[in-house]
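First the structure, in the form of structure tokens, and then the observations on it.
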Amino acid sequence: MNNSILDDFKIAFRTGNILNQLIIINVVVFIVFLLLGLVLRVGQQDLLLFNIESLFAFDPRLDELIYKPWSFITYGFTHFNFFHILINLLILYWFGRIITDFLGQNKLLGLYVWGVIAGALLYIVLYNIFPSVEVLGGANPRMIGASAGVYAVVVGAAVFQPNFSMSFILIGPVKIKYVAAVIVILSLSGVTGDNSGGNIAHLGGALVGYLAMSQLQRGNDWSKPVVQFVTWVKSLFKPQPKIKVSYRSERKSSTQKKATSSSRKAKSTPSASSVTPQEEIDAILDKISERGYDALTKEEKQKLFNASKD
């Protein structure tokens, strides 16, 4: 069966891990802005394009930031330059694999999101405190790119597995602790350059990557609130199953119900093959009537959802 490119993206997003999903989100946003830019520039609507792009970019000026607080996150998934997104996603893939292979997907998500937030926070603090940073920012100090989140992943991986080696063309194997050190030094040297905001954000991401991984080694998992929030957001877009309510006769007294329940417990648990789908649904409905819908497991909710389609 031939799938369109969009179908391939959907399948990869739904079946992929967090690393794949982060890459896909960045690529999709880049393509959307690329196509939007072509359309608006052909129509000589450059100002409109600038205003739309500004909605997703992070601006450290407080009088601008107050109207778009979501930019604390959206800037970390936005790119307007091909080589910018290419470099960011390649580094994210290389070092993200280390995090997911050793620690799991949730740790990668936590590092990336906290890195993006920390990069924005450090930029806004320095921009509004030190005049030199404001001068370097110029008339348009907005910032975009996944670099802060990527730097958090790189430094986090280096703290966790400092002696893990990666092979580079013309160089050979290099321990990632040296790779992390080099990129941090380069960002420090660029704080007073043309991309001062971006380099400040890099340092914020690197700092939170170090702190988050150090805390994880002490047993404190900073990824938990991020994962819980993302899970809650996803739940808002999931359709709730239509529960078929059947009204049973009220002739059965509470004593009879208890006796029936006791007799069920006394019987040996039947094998999975002896339980019919209808009996499973009945058991789930009983559980809802006794303990509520929220008491169901994810598997039970899925079974109920599938049954509601029939």
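Just remember, in the structure tokens the first chain shown is A, the second B, etc., residues are 1-based per chain, and ligands are 1-based in the order shown.
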Exercise for review: With a distance cut-off of 12 Å and only C-alpha atoms, select the neighbouring residues of Val32 of chain A, excluding the residue or stretch itself and same-chain residues fewer than 2 positions from it, and output the selection as an MDAnalysis selection string.
Suggested key: chainID A and resid 25:30 34:39 52:53 77:80
Please run DSSP on the backbone and report, as an mmCIF file with N, CA, C and O atoms, in the first residue's frame, all residues within segment 14-222 of chain A that come out as strand (DSSP E).
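Once everything was written out, this is selection.cif:
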```cif
data_model
loop_
_atom_site.group_PDB
_atom_site.id
_atom_site.type_symbol
_atom_site.label_atom_id
_atom_site.label_comp_id
_atom_site.auth_asym_id
_atom_site.auth_seq_id
_atom_site.Cartn_x
_atom_site.Cartn_y
_atom_site.Cartn_z
ATOM 1 N N SER A 165 32.140 7.367 23.866
ATOM 2 C CA SER A 165 32.838 7.924 22.705
ATOM 3 C C SER A 165 31.950 7.966 21.467
ATOM 4 O O SER A 165 31.130 7.068 21.249
ATOM 5 N N MET A 166 32.123 9.020 20.684
ATOM 6 C CA MET A 166 31.442 9.163 19.401
ATOM 7 C C MET A 166 32.503 9.368 18.335
ATOM 8 O O MET A 166 33.512 10.036 18.562
ATOM 9 N N SER A 167 32.271 8.791 17.163
ATOM 10 C CA SER A 167 33.232 8.907 16.068
ATOM 11 C C SER A 167 32.873 10.076 15.160
ATOM 12 O O SER A 167 31.723 10.224 14.747
ATOM 13 N N PHE A 168 33.856 10.904 14.870
ATOM 14 C CA PHE A 168 33.681 12.056 13.996
ATOM 15 C C PHE A 168 34.591 11.915 12.774
ATOM 16 O O PHE A 168 35.716 11.410 12.872
ATOM 17 N N GLY A 172 37.932 10.953 14.423
ATOM 18 C CA GLY A 172 37.909 9.658 15.070
ATOM 19 C C GLY A 172 37.086 9.687 16.345
ATOM 20 O O GLY A 172 36.296 10.610 16.573
ATOM 21 N N PRO A 173 37.246 8.710 17.218
ATOM 22 C CA PRO A 173 36.455 8.652 18.450
ATOM 23 C C PRO A 173 36.836 9.753 19.433
ATOM 24 O O PRO A 173 38.016 10.014 19.664
ATOM 25 N N VAL A 174 35.800 10.394 19.979
ATOM 26 C CA VAL A 174 35.998 11.469 20.957
ATOM 27 C C VAL A 174 35.018 11.248 22.103
ATOM 28 O O VAL A 174 33.840 10.970 21.873
ATOM 29 N N LYS A 175 35.482 11.372 23.332
ATOM 30 C CA LYS A 175 34.602 11.236 24.485
ATOM 31 C C LYS A 175 33.660 12.431 24.548
ATOM 32 O O LYS A 175 34.069 13.577 24.340
#
```
Review point. Mind pulling up the distance from atom CA of Ala146 of chain A to atom CA of Asn20 of chain A?
Key: 14.4 Å
Check your understanding: as a ChimeraX atom specification, which residues of segment 21-258 of chain A does DSSP assign to helix (DSSP H, G or I)?
Key -> /A:21-42,46-56,62-65,71-77,82-103,105-129,131-137,147-160,176-189,196-217,223-236,254-258
Exercise for review: For Leu121 of chain A, work out the shell of residues within 12 Å, counting only C-alpha atoms and skipping chain neighbours fewer than 3 positions away, then give it as a ChimeraX atom specification.
Suggested key: /A:58-62,65,69,71-73,114-118,124-128,148,197,200-205,207-208
Pull C-alpha atoms from the residues just selected and write them as a short mmCIF file (atom, residue, chain, number, x, y, z; two decimals), in the first residue's frame.
```cif
data_model
loop_
_atom_site.label_atom_id
_atom_site.label_comp_id
_atom_site.auth_asym_id
_atom_site.auth_seq_id
_atom_site.Cartn_x
_atom_site.Cartn_y
_atom_site.Cartn_z
CA PHE A 58 10.82 34.33 22.07
CA ASP A 59 11.19 38.04 22.78
CA PRO A 60 12.99 39.00 26.05
CA ARG A 61 11.34 42.42 26.21
CA LEU A 62 8.78 42.24 29.01
CA LEU A 65 6.55 38.78 26.27
CA PRO A 69 3.82 33.66 27.23
CA SER A 71 6.75 31.54 23.34
CA PHE A 72 8.72 30.17 26.31
CA ILE A 73 8.11 26.78 24.64
CA TRP A 114 13.63 22.19 30.73
CA GLY A 115 16.51 23.22 28.47
CA VAL A 116 14.20 25.30 26.28
CA ILE A 117 12.63 26.97 29.32
CA ALA A 118 15.97 27.59 31.03
CA ILE A 124 15.23 37.36 29.67
CA VAL A 125 17.11 37.91 32.93
CA LEU A 126 20.39 39.01 31.34
CA TYR A 127 18.69 41.10 28.65
CA ASN A 128 16.72 43.11 31.20
CA ALA A 148 18.83 25.38 24.24
CA GLY A 197 20.66 35.85 22.71
CA ILE A 200 22.94 32.89 26.27
CA ALA A 201 20.10 30.42 25.70
CA HIS A 202 22.68 27.71 24.90
CA LEU A 203 24.30 28.31 28.28
CA GLY A 204 20.93 28.19 30.04
CA GLY A 205 20.17 24.86 28.40
CA LEU A 207 23.26 24.58 32.86
CA VAL A 208 19.89 22.90 33.32
#
```
Check your understanding: Hey, which of A:Trp232, A:Phe160, A:Tyr178, A:Phe237 ends up closest to Thr100 of chain A? Count only C-alpha atoms.
Key -> A:Phe160
Exercise for review: Would you work out the distance separating atom CA of Asn51 of chain A from atom CA of Leu136 of chain A, expressed in Å to one decimal?
Suggested key: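 Separation of atom CA of Asn51 of chain A and atom CA of Leu136 of chain A: 21.9 Å.
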Practice item. Go through A:Glu300, A:Met143, A:Phe95, A:Asp101 and flag the residue nearest Lys177 of chain A, using only C-alpha atoms for the distances. Key: A:Phe95
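With only C-alpha atoms taken into account, the protein and nucleic acid residues at most 8 Å from Ala212 of chain A (excluding it and anything under 4 positions from it in its own chain) are Leu111, Gly156, Val208, Leu216, Asp221 and Trp222 of chain A.
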Next, the residues of the selection above should be written as a PDB file, in the first residue's frame with C-alpha atoms.
```
ATOM      1  CA  LEU A 111      15.882  17.499  29.464  1.00  0.00           C
ATOM      2  CA  GLY A 156      23.016  15.804  30.333  1.00  0.00           C
ATOM      3  CA  VAL A 208      19.894  22.903  33.320  1.00  0.00           C
ATOM      4  CA  LEU A 216      18.773  12.434  38.708  1.00  0.00           C
ATOM      5  CA  ASP A 221      13.771  13.091  38.607  1.00  0.00           C
ATOM      6  CA  TRP A 222      13.066  16.509  37.069  1.00  0.00           C
TER       7      TRP A 222
END
```
Review point. At what distance in Å, to one decimal, does atom CA of Lys238 of chain A lie from atom CA of Glu280 of chain A?
Key: 22.6 Å
Practice item. Using only C-alpha atoms, find the one residue out of A:Ala181, A:Ile284, A:Ile169, A:Val42 that sits nearest to Lys298 of chain A. Key: A:Ile284
